[in-house]
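> Sharing data_6.txt below, compact mmCIF, C-alpha atoms and all ligand atoms:
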```txt
# COMPACT_ATOMS: atom_id res chain seq x y z
CA MET E 1 -1.05 1.17 -13.73
CA LYS E 2 -0.54 -0.04 -10.16
CA LYS E 3 0.96 -3.48 -9.55
CA ILE E 4 0.63 -5.45 -6.33
CA ARG E 5 2.61 -8.65 -5.88
CA VAL E 6 1.03 -11.61 -4.12
CA GLU E 7 4.05 -13.40 -2.68
CA LEU E 8 3.55 -17.16 -2.74
CA GLY E 9 6.96 -18.51 -3.71
CA LEU E 10 6.81 -20.19 -7.12
CA ARG E 11 3.11 -19.38 -7.34
CA SER E 12 3.57 -15.61 -6.82
CA TYR E 13 1.62 -13.33 -9.13
CA ASP E 14 0.81 -9.70 -9.88
CA VAL E 15 -2.48 -7.89 -9.50
CA CYS E 16 -2.58 -5.06 -12.07
CA VAL E 17 -4.99 -2.18 -11.42
CA GLY E 18 -5.63 0.60 -13.92
CA ALA E 19 -8.07 2.25 -16.31
CA GLY E 20 -8.65 0.77 -19.77
CA LEU E 21 -6.59 -2.41 -19.30
CA LEU E 22 -9.19 -4.87 -20.56
CA GLY E 23 -9.78 -3.74 -24.12
CA SER E 24 -6.08 -3.23 -24.76
CA ALA E 25 -3.85 -5.65 -26.66
CA ASP E 26 -0.86 -3.90 -25.07
CA MET E 27 -2.16 -4.46 -21.56
CA LEU E 28 -4.46 -7.50 -21.20
CA GLY E 29 -3.11 -9.09 -24.39
CA LYS E 30 0.49 -8.63 -23.30
CA LEU E 31 -0.15 -9.90 -19.76
CA ALA E 32 -1.87 -13.02 -21.13
CA SER E 33 0.95 -13.59 -23.66
CA GLU E 34 3.54 -13.34 -20.88
CA ILE E 35 1.85 -16.29 -19.15
CA GLY E 36 2.78 -18.25 -22.24
CA ALA E 37 -0.65 -19.45 -23.29
CA SER E 38 -1.62 -20.16 -26.87
CA GLN E 39 -5.36 -20.64 -26.44
CA VAL E 40 -7.42 -18.44 -24.09
CA VAL E 41 -11.00 -19.12 -22.93
CA VAL E 42 -13.08 -16.27 -21.51
CA ILE E 43 -15.83 -17.31 -19.06
CA SER E 44 -18.46 -14.70 -18.22
CA ASP E 45 -22.08 -14.25 -17.18
CA SER E 46 -25.12 -12.94 -19.05
CA ASN E 47 -24.70 -9.37 -17.70
CA VAL E 48 -20.97 -8.92 -18.14
CA ALA E 49 -20.41 -10.83 -21.41
CA PRO E 50 -22.51 -8.39 -23.53
CA LEU E 51 -20.68 -5.42 -21.94
CA TYR E 52 -17.03 -6.53 -21.99
CA GLY E 53 -16.81 -10.03 -23.48
CA GLN E 54 -16.10 -9.07 -27.07
CA ALA E 55 -13.59 -6.34 -26.19
CA THR E 56 -11.73 -8.85 -24.00
CA VAL E 57 -11.62 -11.52 -26.72
CA ASP E 58 -10.56 -8.89 -29.28
CA ALA E 59 -7.72 -7.60 -27.08
CA LEU E 60 -6.44 -11.15 -26.59
CA ALA E 61 -6.74 -11.94 -30.32
CA ALA E 62 -4.96 -8.69 -31.24
CA ALA E 63 -2.02 -9.91 -29.16
CA GLY E 64 -1.85 -13.03 -31.35
CA LEU E 65 -3.68 -15.42 -29.00
CA ASP E 66 -6.37 -17.89 -30.08
CA ALA E 67 -9.15 -16.43 -27.90
CA TRP E 68 -12.78 -17.50 -27.62
CA ALA E 69 -15.62 -17.16 -25.11
CA THR E 70 -17.90 -19.81 -23.64
CA LYS E 71 -21.66 -19.29 -23.82
CA PRO E 72 -22.44 -16.81 -20.98
CA PHE E 73 -24.02 -18.47 -17.94
CA PRO E 74 -27.07 -16.79 -16.33
CA ALA E 75 -25.85 -14.01 -13.99
CA GLY E 76 -26.25 -14.56 -10.26
CA GLU E 77 -25.40 -16.84 -7.36
CA PRO E 78 -27.86 -19.63 -8.42
CA SER E 79 -25.47 -20.35 -11.32
CA LYS E 80 -22.60 -21.15 -8.96
CA THR E 81 -23.26 -24.90 -9.10
CA LEU E 82 -21.64 -28.14 -10.19
CA ALA E 83 -24.25 -28.23 -12.98
CA THR E 84 -22.99 -24.94 -14.48
CA ALA E 85 -19.39 -26.05 -13.99
CA SER E 86 -20.24 -29.26 -15.84
CA THR E 87 -21.81 -27.35 -18.75
CA LEU E 88 -18.69 -25.18 -19.00
CA LEU E 89 -16.43 -28.26 -18.85
CA ASP E 90 -18.44 -29.82 -21.71
CA GLU E 91 -17.84 -26.71 -23.76
CA LEU E 92 -14.12 -26.59 -22.98
CA LEU E 93 -13.51 -30.30 -23.59
CA THR E 94 -15.42 -30.48 -26.89
CA HIS E 95 -13.93 -27.29 -28.35
CA SER E 96 -11.98 -27.42 -31.56
CA PRO E 97 -9.06 -26.89 -31.62
CA ALA E 98 -8.77 -28.94 -28.42
CA ILE E 99 -7.71 -27.24 -25.21
CA ASP E 100 -4.51 -28.49 -23.59
CA ARG E 101 -2.58 -27.95 -20.37
CA GLY E 102 -1.27 -24.69 -21.82
CA THR E 103 -4.75 -23.19 -22.22
CA LEU E 104 -5.45 -20.09 -20.13
CA VAL E 105 -8.87 -19.47 -18.54
CA VAL E 106 -10.03 -15.86 -18.06
CA PRO E 107 -13.01 -15.53 -15.70
CA LEU E 108 -14.50 -12.13 -16.53
CA GLY E 109 -17.10 -10.75 -14.12
CA GLY E 110 -18.05 -10.67 -10.47
CA GLY E 111 -17.21 -13.17 -7.77
CA VAL E 112 -19.52 -15.77 -9.26
CA ALA E 113 -17.66 -15.80 -12.60
CA GLY E 114 -14.35 -15.77 -10.70
CA ASP E 115 -15.19 -18.64 -8.34
CA LEU E 116 -16.92 -20.74 -11.01
CA GLY E 117 -14.43 -20.05 -13.80
CA GLY E 118 -11.52 -20.53 -11.40
CA PHE E 119 -12.98 -23.86 -10.25
CA VAL E 120 -13.49 -25.08 -13.82
CA ALA E 121 -9.86 -24.16 -14.51
CA ALA E 122 -8.74 -26.00 -11.37
CA ILE E 123 -10.30 -29.30 -12.44
CA ALA E 124 -10.14 -29.24 -16.27
CA LEU E 125 -7.19 -31.41 -17.37
CA ARG E 126 -6.14 -31.38 -13.66
CA GLY E 127 -5.50 -27.67 -13.73
CA LEU E 128 -5.34 -24.88 -16.30
CA ARG E 129 -3.80 -21.52 -15.61
CA VAL E 130 -6.07 -18.61 -14.78
CA LEU E 131 -6.02 -14.87 -15.38
CA GLN E 132 -8.73 -13.38 -13.18
CA SER E 133 -10.45 -10.33 -14.60
CA PRO E 134 -12.86 -9.09 -11.93
CA THR E 135 -15.53 -6.49 -12.79
CA SER E 136 -17.44 -6.08 -9.51
CA LEU E 137 -15.86 -4.17 -6.62
CA LEU E 138 -16.28 -7.22 -4.39
CA ALA E 139 -14.44 -9.38 -6.90
CA CYS E 140 -11.70 -6.74 -7.35
CA VAL E 141 -10.93 -6.34 -3.65
CA ASP E 142 -11.73 -9.81 -2.40
CA SER E 143 -12.61 -12.89 -4.46
CA SER E 144 -10.16 -12.52 -7.37
CA VAL E 145 -7.12 -12.58 -5.07
CA GLY E 146 -6.20 -15.57 -2.91
CA GLY E 147 -7.01 -18.60 -5.02
CA LYS E 148 -10.23 -19.80 -3.39
CA THR E 149 -12.42 -21.21 -6.15
CA GLY E 150 -15.58 -23.26 -6.00
CA VAL E 151 -19.30 -23.70 -6.28
CA ASP E 152 -22.23 -23.93 -3.89
CA HIS E 153 -24.02 -27.09 -2.74
CA GLN E 154 -27.68 -27.29 -1.72
CA THR E 155 -26.54 -27.64 1.90
CA GLY E 156 -24.45 -24.46 1.87
CA LYS E 157 -22.37 -21.92 0.00
CA ASN E 158 -18.84 -22.63 -1.27
CA LEU E 159 -18.82 -26.22 0.02
CA ILE E 160 -17.23 -27.68 -3.14
CA GLY E 161 -14.00 -26.18 -4.35
CA ALA E 162 -10.26 -26.02 -4.65
CA PHE E 163 -7.42 -23.68 -3.87
CA HIS E 164 -6.15 -22.64 -7.29
CA GLN E 165 -4.11 -19.44 -7.46
CA PRO E 166 -4.34 -17.32 -10.60
CA SER E 167 -1.23 -16.52 -12.66
CA CYS E 168 -2.27 -12.91 -12.90
CA VAL E 169 -5.19 -10.60 -11.95
CA VAL E 170 -6.15 -7.73 -14.27
CA ILE E 171 -8.47 -5.07 -12.84
CA ASP E 172 -9.84 -2.46 -15.23
CA VAL E 173 -11.55 0.13 -13.01
CA GLU E 174 -13.50 1.50 -16.00
CA THR E 175 -15.60 -1.68 -16.08
CA LEU E 176 -17.00 -0.80 -12.65
CA ARG E 177 -18.94 2.15 -14.12
CA THR E 178 -21.78 -0.14 -15.26
CA LEU E 179 -22.05 -1.82 -11.87
CA PRO E 180 -25.39 -1.28 -10.09
CA LEU E 181 -24.87 1.11 -7.14
CA ALA E 182 -26.04 -1.59 -4.71
CA GLU E 183 -23.26 -3.88 -5.98
CA LEU E 184 -20.70 -1.12 -5.44
CA ARG E 185 -21.86 -0.78 -1.82
CA ASN E 186 -21.58 -4.54 -1.47
CA GLY E 187 -17.87 -4.30 -2.27
CA LEU E 188 -17.42 -1.27 -0.03
CA GLY E 189 -18.53 -3.44 2.91
CA GLU E 190 -15.49 -5.68 2.30
CA CYS E 191 -13.27 -2.58 2.02
CA VAL E 192 -14.38 -1.43 5.49
CA LYS E 193 -13.63 -4.97 6.73
CA HIS E 194 -10.06 -4.76 5.38
CA ALA E 195 -9.57 -1.35 7.01
CA VAL E 196 -10.80 -2.55 10.39
CA ILE E 197 -8.62 -5.66 10.43
CA ARG E 198 -5.41 -4.07 9.16
CA ASP E 199 -5.30 -0.38 8.26
CA GLU E 200 -6.81 2.60 10.04
CA SER E 201 -5.57 4.97 7.32
CA LEU E 202 -7.69 3.05 4.78
CA LEU E 203 -10.75 3.78 6.94
CA GLU E 204 -9.80 7.48 6.83
CA PHE E 205 -9.47 7.25 3.05
CA ILE E 206 -12.91 5.63 2.72
CA GLU E 207 -14.43 8.23 5.08
CA ALA E 208 -12.96 11.04 2.98
CA SER E 209 -13.86 9.53 -0.42
CA ALA E 210 -17.31 8.03 0.30
CA GLU E 211 -19.29 10.61 -1.69
CA LYS E 212 -16.91 10.54 -4.63
CA LEU E 213 -17.00 6.74 -4.74
CA LEU E 214 -20.79 6.59 -4.69
CA ALA E 215 -21.34 9.39 -7.24
CA THR E 216 -23.59 8.63 -10.23
CA GLU E 217 -24.59 10.40 -13.44
CA GLY E 218 -27.48 9.91 -15.86
CA ARG E 219 -30.89 8.43 -15.11
CA GLY E 220 -32.77 5.17 -15.41
CA ASP E 221 -31.09 2.61 -17.65
CA ASP E 222 -28.38 5.13 -18.60
CA LYS E 223 -27.34 5.65 -14.98
CA LYS E 224 -23.63 5.06 -14.52
CA LEU E 225 -21.18 5.38 -11.68
CA SER E 226 -19.13 8.54 -12.15
CA PHE E 227 -16.32 7.92 -9.65
CA ASP E 228 -12.87 9.36 -10.23
CA ALA E 229 -10.83 6.52 -11.77
CA GLU E 230 -7.74 7.46 -9.74
CA ILE E 231 -9.63 7.28 -6.44
CA MET E 232 -11.22 3.95 -7.38
CA ALA E 233 -7.84 2.55 -8.45
CA GLU E 234 -6.31 3.67 -5.16
CA LEU E 235 -9.14 2.13 -3.15
CA ILE E 236 -8.77 -1.18 -4.98
CA ALA E 237 -4.97 -1.20 -4.81
CA ARG E 238 -4.97 -0.52 -1.06
CA ASN E 239 -7.47 -3.29 -0.44
CA VAL E 240 -5.65 -5.76 -2.67
CA THR E 241 -2.43 -4.95 -0.79
CA ILE E 242 -4.11 -6.01 2.46
CA LYS E 243 -5.68 -9.15 0.99
CA ALA E 244 -2.37 -10.06 -0.68
CA ALA E 245 -0.43 -9.71 2.59
CA VAL E 246 -2.91 -11.89 4.48
CA VAL E 247 -2.92 -14.56 1.76
CA SER E 248 0.89 -14.54 1.53
CA ALA E 249 1.15 -15.08 5.28
CA ASP E 250 -1.41 -17.90 5.39
CA GLU E 251 -2.53 -19.26 2.02
CA ARG E 252 -4.66 -22.15 3.34
CA GLU E 253 -6.38 -20.35 6.22
CA ALA E 254 -4.64 -22.06 9.11
CA GLY E 255 -4.25 -18.78 11.02
CA VAL E 256 -4.29 -15.09 10.08
CA ARG E 257 -6.32 -15.61 6.88
CA GLY E 258 -9.15 -16.21 9.34
CA HIS E 259 -9.02 -12.47 10.12
CA LEU E 260 -10.79 -11.93 6.78
CA ASN E 261 -13.85 -13.51 8.40
CA PHE E 262 -14.38 -10.38 10.50
CA GLY E 263 -18.10 -9.56 10.23
CA HIS E 264 -18.76 -12.84 8.43
CA THR E 265 -19.64 -15.22 11.28
CA ILE E 266 -22.80 -13.41 12.35
CA GLY E 267 -23.04 -11.98 8.80
CA HIS E 268 -23.33 -15.44 7.21
CA ALA E 269 -25.88 -16.49 9.82
CA VAL E 270 -27.94 -13.36 9.10
CA GLU E 271 -27.71 -14.12 5.36
CA THR E 272 -28.94 -17.66 5.94
CA PHE E 273 -31.68 -16.55 8.35
CA ILE E 274 -33.03 -13.73 6.13
CA GLY E 275 -32.46 -15.71 2.93
CA TYR E 276 -29.78 -15.12 0.27
CA ASP E 277 -32.37 -13.63 -2.11
CA ASN E 278 -33.43 -11.00 0.42
CA ILE E 279 -30.12 -9.47 1.52
CA ARG E 280 -26.86 -8.79 -0.29
CA HIS E 281 -23.65 -10.27 1.06
CA GLY E 282 -22.11 -6.84 1.74
CA GLU E 283 -25.22 -5.80 3.66
CA ALA E 284 -25.07 -8.93 5.82
CA VAL E 285 -21.35 -8.34 6.45
CA SER E 286 -22.12 -4.75 7.44
CA LEU E 287 -24.60 -6.01 10.04
CA GLY E 288 -22.13 -8.72 11.06
CA MET E 289 -19.39 -6.15 11.66
CA VAL E 290 -21.67 -3.98 13.82
CA ALA E 291 -22.69 -7.07 15.81
CA ALA E 292 -19.08 -8.24 16.24
CA ASN E 293 -18.11 -4.74 17.39
CA HIS E 294 -20.86 -4.94 19.99
CA ILE E 295 -19.28 -8.08 21.45
CA ALA E 296 -15.81 -6.49 21.29
CA LYS E 297 -17.14 -3.41 23.09
CA ALA E 298 -18.89 -5.50 25.77
CA ARG E 299 -15.63 -7.40 26.38
CA GLY E 300 -13.77 -4.11 26.78
CA LEU E 301 -11.61 -4.81 23.70
CA LEU E 302 -12.86 -1.97 21.51
CA GLY E 303 -13.66 1.55 22.69
CA PRO E 304 -17.28 2.75 22.20
CA SER E 305 -16.11 5.70 20.06
CA GLN E 306 -14.15 3.37 17.76
CA ALA E 307 -17.17 1.09 17.35
CA GLN E 308 -19.32 4.15 16.62
CA ARG E 309 -16.83 5.38 14.03
CA ILE E 310 -17.16 2.10 12.12
CA THR E 311 -20.97 2.22 12.34
CA ASN E 312 -20.92 5.82 11.06
CA ILE E 313 -18.81 5.00 8.02
CA LEU E 314 -21.06 2.05 7.15
CA SER E 315 -24.07 4.39 7.34
CA LYS E 316 -22.27 6.92 5.16
CA LEU E 317 -21.77 4.18 2.58
CA GLU E 318 -25.52 3.46 2.82
CA LEU E 319 -24.93 0.00 4.22
CA PRO E 320 -27.35 -1.26 6.90
CA THR E 321 -26.33 -1.10 10.56
CA THR E 322 -29.70 -2.26 11.92
CA THR E 323 -32.33 -4.67 10.63
CA SER E 324 -35.76 -5.99 11.55
CA PRO E 325 -35.51 -8.12 14.71
CA LEU E 326 -33.76 -11.46 14.27
CA ASP E 327 -34.19 -14.58 16.37
CA PRO E 328 -30.96 -14.91 18.43
CA GLY E 329 -31.50 -18.65 19.04
CA SER E 330 -31.74 -19.36 15.32
CA ILE E 331 -28.68 -17.21 14.58
CA TRP E 332 -26.68 -19.17 17.19
CA GLN E 333 -27.87 -22.48 15.71
CA ILE E 334 -26.81 -21.41 12.20
CA MET E 335 -23.43 -20.18 13.48
CA GLN E 336 -22.74 -23.61 14.97
CA HIS E 337 -23.27 -25.20 11.58
CA ASP E 338 -20.77 -22.88 9.87
CA LYS E 339 -18.00 -24.95 8.29
CA LYS E 340 -15.48 -22.78 10.13
CA ALA E 341 -17.04 -23.40 13.56
CA LEU E 342 -15.25 -25.61 16.08
CA ALA E 343 -17.17 -28.43 17.77
CA GLY E 344 -19.49 -26.95 20.41
CA LYS E 345 -17.90 -23.49 20.34
CA VAL E 346 -18.20 -20.42 18.20
CA ARG E 347 -15.13 -18.67 16.91
CA MET E 348 -15.25 -14.99 16.00
CA VAL E 349 -12.86 -12.32 14.85
CA LEU E 350 -13.09 -9.24 17.08
CA PRO E 351 -11.32 -5.89 16.72
CA THR E 352 -9.12 -4.72 19.57
CA GLU E 353 -8.63 -1.34 17.88
CA ILE E 354 -9.21 -0.04 14.35
CA GLY E 355 -6.60 -1.83 12.27
CA LYS E 356 -6.11 -4.80 14.60
CA VAL E 357 -8.14 -7.94 15.28
CA ASP E 358 -7.78 -11.23 17.14
CA ILE E 359 -9.54 -14.58 16.91
CA TYR E 360 -11.63 -15.61 19.94
CA ASP E 361 -12.75 -19.24 20.33
CA ASP E 362 -14.96 -18.78 23.37
CA ILE E 363 -17.94 -16.76 22.17
CA THR E 364 -21.01 -17.61 24.21
CA PRO E 365 -24.67 -17.82 23.14
CA ALA E 366 -25.47 -14.93 25.52
CA GLU E 367 -22.93 -12.64 23.84
CA VAL E 368 -24.29 -13.50 20.39
CA ALA E 369 -27.86 -12.94 21.60
CA GLN E 370 -26.97 -9.46 22.91
CA ALA E 371 -25.11 -8.60 19.71
CA VAL E 372 -28.02 -9.77 17.55
CA GLU E 373 -30.45 -7.75 19.66
CA SER E 374 -28.19 -4.70 19.29
CA ILE E 375 -28.65 -4.71 15.49
CA GLY E 376 -32.44 -5.25 15.73
CA LYS E 377 -34.43 -2.09 15.07
N1 LIG A 1 -13.09 -16.72 -3.67
C1 LIG A 1 -13.15 -15.89 -2.65
O1 LIG A 1 -12.19 -15.72 -1.90
C2 LIG A 1 -14.41 -15.12 -2.42
C3 LIG A 1 -14.42 -14.04 -1.54
C4 LIG A 1 -15.58 -13.31 -1.41
C5 LIG A 1 -16.70 -13.65 -2.14
N2 LIG A 1 -16.67 -14.71 -2.98
C6 LIG A 1 -17.84 -15.09 -3.79
O2 LIG A 1 -18.14 -14.02 -4.67
C7 LIG A 1 -19.52 -14.09 -5.01
C8 LIG A 1 -20.11 -12.71 -4.96
O3 LIG A 1 -19.44 -11.87 -5.87
P1 LIG A 1 -20.20 -10.64 -6.56
O4 LIG A 1 -20.84 -9.84 -5.51
O5 LIG A 1 -19.26 -10.02 -7.48
O6 LIG A 1 -21.39 -11.40 -7.32
P2 LIG A 1 -21.73 -11.57 -8.87
O7 LIG A 1 -20.63 -12.20 -9.61
O8 LIG A 1 -23.06 -12.24 -8.91
O9 LIG A 1 -21.88 -10.07 -9.37
C9 LIG A 1 -22.92 -9.26 -8.86
C10 LIG A 1 -23.81 -8.75 -10.02
O10 LIG A 1 -23.11 -7.73 -10.70
C11 LIG A 1 -23.07 -8.02 -12.09
N3 LIG A 1 -21.85 -7.39 -12.59
C12 LIG A 1 -20.57 -7.73 -12.30
N4 LIG A 1 -19.73 -6.85 -12.85
C13 LIG A 1 -20.49 -5.95 -13.52
C14 LIG A 1 -20.19 -4.79 -14.28
N5 LIG A 1 -18.94 -4.35 -14.40
N6 LIG A 1 -21.21 -4.11 -14.84
C15 LIG A 1 -22.50 -4.52 -14.66
N7 LIG A 1 -22.84 -5.59 -13.93
C16 LIG A 1 -21.84 -6.29 -13.37
C17 LIG A 1 -23.14 -9.50 -12.18
O11 LIG A 1 -23.60 -9.93 -13.44
C18 LIG A 1 -24.14 -9.81 -11.06
O12 LIG A 1 -25.44 -9.60 -11.51
C19 LIG A 1 -20.16 -15.08 -4.06
O13 LIG A 1 -20.43 -16.26 -4.75
C20 LIG A 1 -19.09 -15.29 -3.01
O14 LIG A 1 -19.14 -16.57 -2.43
C21 LIG A 1 -15.54 -15.45 -3.13
ZN ZN A 2 -17.40 -11.38 2.21
```
Represent the structure of the file as structure tokens.


Amino acid sequence: MKKIRVELGLRSYDVCVGAGLLGSADMLGKLASEIGASQVVVISDSNVAPLYGQATVDALAAAGLDAWATKPFPAGEPSKTLATASTLLDELLTHSPAIDRGTLVVPLGGGVAGDLGGFVAAIALRGLRVLQSPTSLLACVDSSVGGKTGVDHQTGKNLIGAFHQPSCVVIDVETLRTLPLAELRNGLGECVKHAVIRDESLLEFIEASAEKLLATEGRGDDKKLSFDAEIMAELIARNVTIKAAVVSADEREAGVRGHLNFGHTIGHAVETFIGYDNIRHGEAVSLGMVAANHIAKARGLLGPSQAQRITNILSKLELPTTTSPLDPGSIWQIMQHDKKALAGKVRMVLPTEIGKVDIYDDITPAEVAQAVESIGK
């Protein structure tokens, strides 16, 4: 098992990455016991609960904890609402025996379960402790670490929420085998992002392991990912190390945590423009990274061969690097409404080499228009 420490003073915690951790009383059960909880509530969605819910509850119970699971919420982003949070709170607050401040919440699933379950934990009884148990690659490398929790509002994604750090994160790479291939690619987009902002050697690792990471076996409904568990654990651990360092340096996103938005400014606008139902987040981020690189290249910050190298690796991972033509004016408009935009200006993260980025506050509509045209087919 690999352990990565997220250093946040009194709120520091470990991210544990390994194979077979979830169904094990000696691993998950022990880690939950060490937090000192008596009662443990597992929160999961309708896809993940039938696969891993019972094994998780059993492992916790075998370690002597009073473990139970809430009714699974329907899988998918549309469930990430105050209404679902409210239903979960009803279940928690009417449960017998009653929950108390010592109760531990275990969100089990992708980023939606993590954000929603983490948010419920943040507000129930003014804050319950959390053990995040991510099962999508995106949740493993990104959303489960850093303490951002929340739900969506009809006016935008993630507009209601709280910073609430977990007490521990447990990543069982074996759970990723049932992930749809498209969801794996989604997470790989964030891995490329981490490599570009901080670690060229991670990009080399992804380049060398792409085929092994995307390997599958079986057909139809029996199709499963057949990655090498060691390689997947290394990929996740290296990405978590980067996310952990960024979060430790700037927990509340006053500075360097903003680097994690590389590819996300134009990416979010593309997501909004095309519609969340029509493009996956990782695909939009892939396009956003290519577009940001175009601006960096035009400004003379990033060499053309470096930009091409990033595009090539995204293609190798079967992530999109071009799309049907987008309307640059609309993309600019959407970017200005981003909650991270400054009044009248657009801020973007641009690479200056592979492994290094800076934040630029002076991005012009013309630059965005050229970048958006560059990703149009
Ligand atoms: N808190 C943060 O810092 C942060 C960072 C990035 C993204 N996010 C949030 O994360 C969410 C996206 O996360 P996601 O892509 O994991 O979405 P998700 O939770 O919807 O999971 C994607 C799909 O995969 C399924 N799934 C998950 N694990 C599985 C498994 N092991 N086997 C089979 N199916 C499985 C889910 O049921 C779902 O259908 C968004 O809401 C986004 O805002 C949060
Ligand atoms: Zn993202």

> May I ask which of the residues E:Gln154, E:Thr56, E:Thr322, E:Thr241 is the closest one to Leu21 (chain E), counting all atoms listed in the file?

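Nearest to Leu21 (chain E): E:Thr56.
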
> Please identify every residue of region 163-273 of chain E that has at least one atom no farther than 6 Å from an atom of region 353-376 of chain E, counting all atoms listed in the file, and for each give the shortest atom pair and the distance in Å to one decimal, arranged by chain then increasing number, as a tab-separated table.


```
residue	atom	partner	partner_atom	distance
E:Val196	CA	E:Gly355	CA	4.7
E:Ile197	CA	E:Gly355	CA	4.7
E:Arg198	CA	E:Gly355	CA	4.0
E:Asp199	CA	E:Gly355	CA	4.5
E:Glu200	CA	E:Gly355	CA	5.0
```

> Counting all atoms listed in the file, figure out which residue out of E:Ser330, E:Thr84, E:Ser286, E:Gln306 gets nearest to ligand ZN 2 (chain A).

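Smallest distance to ligand ZN 2 (chain A) is found for E:Ser286.
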
> Dump the neighbourhood of ligand LIG 1 (chain A) as number ranges by chain: all residues within 6 Å, distances computed on only C-alpha atoms and all ligand atoms.

E: 45, 47-48, 75-77, 109-113, 115, 135-136, 138-139, 142-143, 148-149, 175-176, 178-179

> Enumerate residues in contact with ligand ZN 2 (chain A): an atom-to-atom distance of at most 7 Å, counting all atoms listed in the file. Format the result as a ChimeraX atom specification.

/E:190,264,281-282,285

> One number please: CA of Ile160 (chain E) to CA of Ala244 (chain E), in Å, one decimal.

23.2 Å

> Find the residues around region 24-34 of chain E up to 6 Å (all atoms listed in the file counted), leave out those fewer than 4 positions away in its own chain, and share them as a list of chain:residue names.

E:Ala59, E:Leu60, E:Ala62, E:Ala63

> For Gly118 (chain E), which of E:Ser79, E:Thr103, E:Ser96, E:Gln165 is the closest residue, counting all atoms listed in the file?

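Closest to Gly118 (chain E) of all the choices is E:Gln165.
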
> Once you count only C-alpha atoms, which residues end up no further than 7 Å from (-24.7, -3.0, 1.4) in the file's frame, shown as a PyMOL selection string?

chain E and resi 182+185-186+189+280+282-283+286+318-320

> Those residues you just picked out, can you put them in a file as a PDB file, in the frame of the given file with C-alpha atoms?


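Contents of the output file again_26.pdb:
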```pdb
ATOM      1  CA  ALA E 182     -26.040  -1.590  -4.710  1.00  0.00           C
ATOM      2  CA  ARG E 185     -21.860  -0.780  -1.820  1.00  0.00           C
ATOM      3  CA  ASN E 186     -21.580  -4.540  -1.470  1.00  0.00           C
ATOM      4  CA  GLY E 189     -18.530  -3.440   2.910  1.00  0.00           C
ATOM      5  CA  ARG E 280     -26.860  -8.790  -0.290  1.00  0.00           C
ATOM      6  CA  GLY E 282     -22.110  -6.840   1.740  1.00  0.00           C
ATOM      7  CA  GLU E 283     -25.220  -5.800   3.660  1.00  0.00           C
ATOM      8  CA  SER E 286     -22.120  -4.750   7.440  1.00  0.00           C
ATOM      9  CA  GLU E 318     -25.520   3.460   2.820  1.00  0.00           C
ATOM     10  CA  LEU E 319     -24.930   0.000   4.220  1.00  0.00           C
ATOM     11  CA  PRO E 320     -27.350  -1.260   6.900  1.00  0.00           C
TER      12      PRO E 320
END
```

> At a cut-off of 12 Å, using only C-alpha atoms, what residues contact Leu181 (chain E)? Leave out same-chain residues fewer than 4 positions from it and give the result as a list in words.

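Here the answer would be Ser136, Leu137, Leu176, Arg177, Arg185, Asn186, Gly187, Leu188, Leu213, Leu214, Ala215, Thr216, Glu217, Lys223, Lys224, Leu225, Ser226, Phe227, Leu317, Glu318 and Leu319 of chain E.
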
> What is the CA of Gly18 (chain E) to CA of Met1 (chain E) distance in Å?

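These two atoms are separated by 4.6 Å.
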
> Return the single residue from E:Gly23, E:Pro351, E:Gly9, E:Gly288 that is closest to Ala195 (chain E), with distances computed using all atoms listed in the file.

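Of E:Gly23, E:Pro351, E:Gly9, E:Gly288, the one nearest Ala195 (chain E) is E:Pro351, counting all atoms listed in the file.
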
> Please indicate the distance in Å from CA of Ala37 (chain E) to CA of Gly20 (chain E), rounded to one decimal place.

22.0 Å

> As lines of an AutoDock Vina configuration file, please report the centre and edge lengths, rounded to one decimal in Å, of the axis-aligned box that holds all listed atoms of region 172-190 of chain E with 6 Å of padding on each of the six sides.


```
center_x = -17.9
center_y = -1.8
center_z = -6.6
size_x = 28.2
size_y = 19.8
size_z = 31.0
```

> Looking at E:His194, E:Ile242, E:Asp152, E:Thr87, which one is nearest to Arg5 (chain E), with distances taken over all atoms listed in the file?

E:Ile242

> Dump N, CA and C atoms of region 196-202 of chain E from the given block, as a compact mmCIF listing (two decimals), in the first residue's frame.


```txt
# COMPACT_ATOMS: atom_id res chain seq x y z
N VAL E 196 1.23 18.42 -16.69
CA VAL E 196 1.62 19.67 -17.36
C VAL E 196 1.89 20.78 -16.34
N ILE E 197 1.13 20.81 -15.27
CA ILE E 197 1.35 21.93 -14.32
C ILE E 197 2.54 21.69 -13.40
N ARG E 198 2.90 20.41 -13.16
CA ARG E 198 3.93 20.18 -12.14
C ARG E 198 5.04 19.17 -12.46
N ASP E 199 4.85 18.24 -13.39
CA ASP E 199 5.75 17.09 -13.39
C ASP E 199 5.90 16.47 -14.77
N GLU E 200 6.97 16.86 -15.46
CA GLU E 200 7.19 16.32 -16.80
C GLU E 200 7.37 14.81 -16.77
N SER E 201 7.99 14.28 -15.71
CA SER E 201 8.22 12.83 -15.67
C SER E 201 6.90 12.06 -15.58
N LEU E 202 5.87 12.69 -15.02
CA LEU E 202 4.55 12.03 -15.00
C LEU E 202 3.99 11.94 -16.42
```
